[in-house]
There are 2 protein chains.
Amino acid sequence: MDTPARSLREPSRDDLDALAARLDAGDLLLPGMDRFDAYLREPRDRWQGQAAAVLRPRTTEEVAAAVRMCHDRSIGVIAISGGTGLVGGQTLDHGAKPVILSLERLNRVRAVLPDDGALIAEAGVTLAEVQAAAEAAGRLFPLSMASEGSCCVGGNLATNAGGVQVLRYGNARDLCLGVEAVLADGSIHHGLKVLRKDNTGYDLRHLLIGSEGTLGIITAAVLKLFPAPGETVTGMLAVPSPAAAVKLLHALRDRMGDGVTAFELMAGQGPTFIRRFYPDWRDPLDGDPAWRVLVEITGPAGGDLAGRAETALADLFEAGLATDGVVATSGQQREAMWWLRETIPEANRRVGAVSSHDISVPLSAIPRFIDEAGAAVAAIDADLTINCFGHVGDGNLHFNVFPAPGRTRADHDGDRPAIKSTIHEVADRLGGSISAEHGIGRLKKADLARFADPVKLAAMRAIKQALDPNGILNPGAVLPD
Amino acid sequence: MDTPARSLREPSRDDLDALAARLDAGDLLLPGMDRFDAYLREPRDRWQGQAAAVLRPRTTEEVAAAVRMCHDRSIGVIAISGGTGLVGGQTLDHGAKPVILSLERLNRVRAVLPDDGALIAEAGVTLAEVQAAAEAAGRLFPLSMASEGSCCVGGNLATNAGGVQVLRYGNARDLCLGVEAVLADGSIHHGLKVLRKDNTGYDLRHLLIGSEGTLGIITAAVLKLFPAPGETVTGMLAVPSPAAAVKLLHALRDRMGDGVTAFELMAGQGPTFIRRFYPDWRDPLDGDPAWRVLVEITGPAGGDLAGRAETALADLFEAGLATDGVVATSGQQREAMWWLRETIPEANRRVGAVSSHDISVPLSAIPRFIDEAGAAVAAIDADLTINCFGHVGDGNLHFNVFPAPGRTRADHDGDRPAIKSTIHEVADRLGGSISAEHGIGRLKKADLARFADPVKLAAMRAIKQALDPNGILNPGAVLPD
């Protein structure tokens, strides 16, 4: 299934010496050295990667020199930064061993430009560090997700990361004004423009963003900053159904405009899992509701956001769109609400999913997707457990399937292909996507081949051939064989 | 300067018959027919286009059939919709005559989906029609510019149009969720997904958007709708300098957040030109200020936006960032303020510019750009008149140069190359762009060759070759020779 270009070859001792000669001592790791194996893992332990060496360049020029050498010698290059991707984009488990090019030492915030509403960060800066640099300048960098302490700018852009504030601020690509990138032949694209408008030819930035390291290696980026919100209102509401949640979102946006920055749906199964591992957890809502939403609304100070938001929520409660609710009155309460949302993925991991799905559908199709995908899974095995949660405002659900009570993941190994297939079919039938925010990597190549527009696939292949004719960049990822 | 691929040939009688056979009667126009010549013009009358025929297909399939035929026969195809572009992208004035493919009959709004925050419109729908369809559904489509009555979705996306609300809502590309497009070989890319998140391979949408018809022909698009603002505050303020205008913008955004949707700077020269052609015009501001800004702030109803905005503006006035100001108290007053801003380009046309420039720089560099570009123009001829206005919130200025008093455009013909060159040099030196929102077309190819990152240019050529190997799509546009 996962066949890198056949012409690639494993680096020889000579090749490795040549690569090492361009780096400082200690910036090239070989198998058997301390820490080497850490670069071969991915968070879900589905793949055991392999590599001939790990390069840790310190500058864009060193990245370029290494890539040029690999291009000339037909050696595969897998770029990684935080390594938190969930679809195996960072691991190659067979074929000619590549070099792993870790961007961890490109870790400078090169400039913070509050007066331009921007900052420039290298690929190895963590998302949390970017957020902190923005905050220190009185601005907001809104990209936010559970892995923000370890995921990095390079990977955020290479995978077009999403997260919890896309509803208001967009995906990673929408937050990037320009990139510096090393292309497959080792040339450096200097595109770090701090501009809101720049219509000068094809948008190389958007082509590189989301290409998962297969068309170029982003080494630095201009990131867009926003006015820091002066007031934040966070609430948790029990809702009678997913359909009511979608109606609630529309009604709330009609009342509060684009101030609604997060709108996260959680099935009751999430708290059920949470209780299993965190028995001291106290639910802010009573009665263990079947569905709940976490809502966050932000705005500038001095606009009585709290008063307006509470009035709006009370009206929507009256209208039957919510059956219970609580608004955080302290930072601690707010954090407790977010803790629930952000700990659900961890609880899921500890339970151990049979199959995890990151789908999106048009907003109006959310309730139908939940119904139809649930029925389709039940038809495979009525005892399977579903935990559905996600970014409803973006039409993006994480629809994860767990073993039936008393059974294990292994008991369901035979069901996995059918589960995955049926869930993706429902998403596709409703006009949706089989990968909303995680990308294709190696996990979803076959799904891409099955569900993608064939004309798009042909264009992707033509572009890959044009920009990386030797096929060295992240061999075997994204493009179906 | 403008050399289409040499292998293209002019359609023969046979070719035209074959194209006509795929269309309804009357959907192919030949030279000499009524209305034919209208397709050969562009708004600034810099070029007289030429074409062997004008095709007016009614469906995407008809577009595809025509493009396939042209691909197989190596005939150039220039797609146009509203034809309002300002850089000659719609006209080819020499070489083998192409066919013009007018998208005017692909003029349906295919779907309005308020519950998905989207609508689907064909390439020939005017921007004003899109705005109206959104409004009828209680939503906002925020793309807005002076030509909105005649420019169309196809051209808006092909050129990544900007306009007056980019500060808050982004450029055309940011407002598009998916496209349907005919590629150079006549294949149809079906990408009309109504999704906020979809990470399934390379972003063909963003590659086609802004490619000015050289990589594919967008036939329909999913456009993003927003909550309609419940309250709008519009004001016109005299400011002591461009530097004060930039400070005012920052201070206002700190107070009002992203509610600031438009922030347009105008030099006193604009009103001076206006008075020449519209002697009855009454300036809402006294004393003929050297600089003014038009500010618009929007928000949901019920938030006392007007009260908060007026307090903020009064404070900024106190701080010396504005020296005079008036807030519209009626729709009529609001329209009068916008009339000024939107009529300046028309007044400019009537005066007749020696040279027009659509540049962008980082926001903080706006004052320096105005100073340095002004000094550079004065060094060429101290009597030249400059009219500077534009979308300061986006760092985007229209910096137009007019004849010295008592002289004509023709008197300055010899100065034009030096003026253009020096203004572009200043923009480039400040990290700016030589085309903020108008694109490259044929007017700015030489500038692109001079100022663009060479690695980007090489990648553009490789992509063009990969996706349009016969070079039939908009031959001679965008890519430097």
# chains A, B, ... in the order shown; residues from 1 in each chain; ligands from 1
>>> residues_around(residues="B:Pro240", least_positions_apart="6", cutoff="9 Å", atoms="only C-alpha atoms", output="number ranges by chain")
B: 289-292, 320-323
>>> interface_residues(of="chain A", to="chain B", cutoff="7 Å", atoms="only C-alpha atoms", output="count of residues only")
58
>>> select_by_dssp(residues="stretch 140-324 of chain A", states="helix (DSSP H, G or I)", output="ChimeraX atom specification")
/A:153-158,166-169,172-175,204-208,242-259,269-277,305-318
>>> residues_around(residues="stretch 328-333 of chain A", least_positions_apart="2", cutoff="8 Å", atoms="only C-alpha atoms", output="JSON, numbers by chain")
{"A": [233, 234, 235, 326, 335, 336, 337]}
>>> atom_distance(atom1="atom CA of B:Gly124", atom2="atom CA of B:Asn348")
28.0 Å
>>> residues_around(residues="A:Ser102", least_positions_apart="5", cutoff="6 Å", atoms="only C-alpha atoms", output="list in words")
Leu55, Arg56, Ala79, Ile80 and Ser81 of chain A
>>> write_last_selection(atoms="N, CA, C and O atoms", output="PDB file, in the first residue's frame")
ATOM      1  N   LEU A  55      18.871  14.299  10.949  1.00  0.00           N
ATOM      2  CA  LEU A  55      19.610  15.562  10.806  1.00  0.00           C
ATOM      3  C   LEU A  55      18.907  16.626  11.638  1.00  0.00           C
ATOM      4  O   LEU A  55      17.684  16.710  11.635  1.00  0.00           O
ATOM      5  N   ARG A  56      19.727  17.438  12.310  1.00  0.00           N
ATOM      6  CA  ARG A  56      19.124  18.513  13.113  1.00  0.00           C
ATOM      7  C   ARG A  56      19.772  19.843  12.767  1.00  0.00           C
ATOM      8  O   ARG A  56      20.552  20.393  13.557  1.00  0.00           O
ATOM      9  N   ALA A  79      10.667  15.502   6.787  1.00  0.00           N
ATOM     10  CA  ALA A  79      10.805  16.634   7.702  1.00  0.00           C
ATOM     11  C   ALA A  79       9.836  16.448   8.862  1.00  0.00           C
ATOM     12  O   ALA A  79       8.672  16.094   8.650  1.00  0.00           O
ATOM     13  N   ILE A  80      10.316  16.680  10.077  1.00  0.00           N
ATOM     14  CA  ILE A  80       9.405  16.678  11.225  1.00  0.00           C
ATOM     15  C   ILE A  80       9.722  17.874  12.117  1.00  0.00           C
ATOM     16  O   ILE A  80      10.819  18.398  12.113  1.00  0.00           O
ATOM     17  N   SER A  81       8.699  18.311  12.846  1.00  0.00           N
ATOM     18  CA  SER A  81       8.953  19.347  13.856  1.00  0.00           C
ATOM     19  C   SER A  81       8.479  18.803  15.199  1.00  0.00           C
ATOM     20  O   SER A  81       9.236  18.108  15.879  1.00  0.00           O
TER      21      SER A  81
END
>>> atom_distance(atom1="atom CA of A:Trp47", atom2="atom CA of A:Val354")
15.9 Å
>>> residues_around(residues="A:Leu28", least_positions_apart="5", cutoff="12 Å", atoms="only C-alpha atoms", output="list in words")
Leu16, Asp17, Ala18, Leu19, Ala20, Ala21, Arg22, Leu23, Met33, Asp34, Arg35, Phe36, Ala51, Ala52, Ala53, Val54, Leu55, Arg56, Pro57, Arg58, Glu62, Ala66, Val99, Ile100, Leu101 and Ser102 of chain A
>>> atom_distance(atom1="atom CA of A:Val351", atom2="atom CA of A:Thr84")
19.6 Å
>>> residues_around(residues="stretch 144-155 of chain A", least_positions_apart="2", cutoff="9 Å", atoms="only C-alpha atoms", output="VMD selection string")
chain A and resid 79 to 85 103 to 104 121 to 131 141 to 142 157 to 166 212 to 213 217 to 221 342 to 343 345
>>> closest_residue(among="A:Pro242, A:Gly325, A:Pro480, A:Gly414", to="A:Asp283", atoms="only C-alpha atoms")
A:Gly325
>>> residues_around(residues="A:Ser421", least_positions_apart="3", cutoff="12 Å", atoms="only C-alpha atoms", output="list of chain:residue names")
A:Ser355, A:Ser356, A:His357, A:Ala373, A:Ala376, A:Val377, A:Ile380, A:Asp415, A:Arg416, A:Pro417, A:Ala418, A:His424, A:Glu425, A:Val426, A:Ala427, A:Asp428, A:Ile434, A:Lys444, A:Ala446, A:Asp447, A:Leu448, A:Arg450, A:Phe451
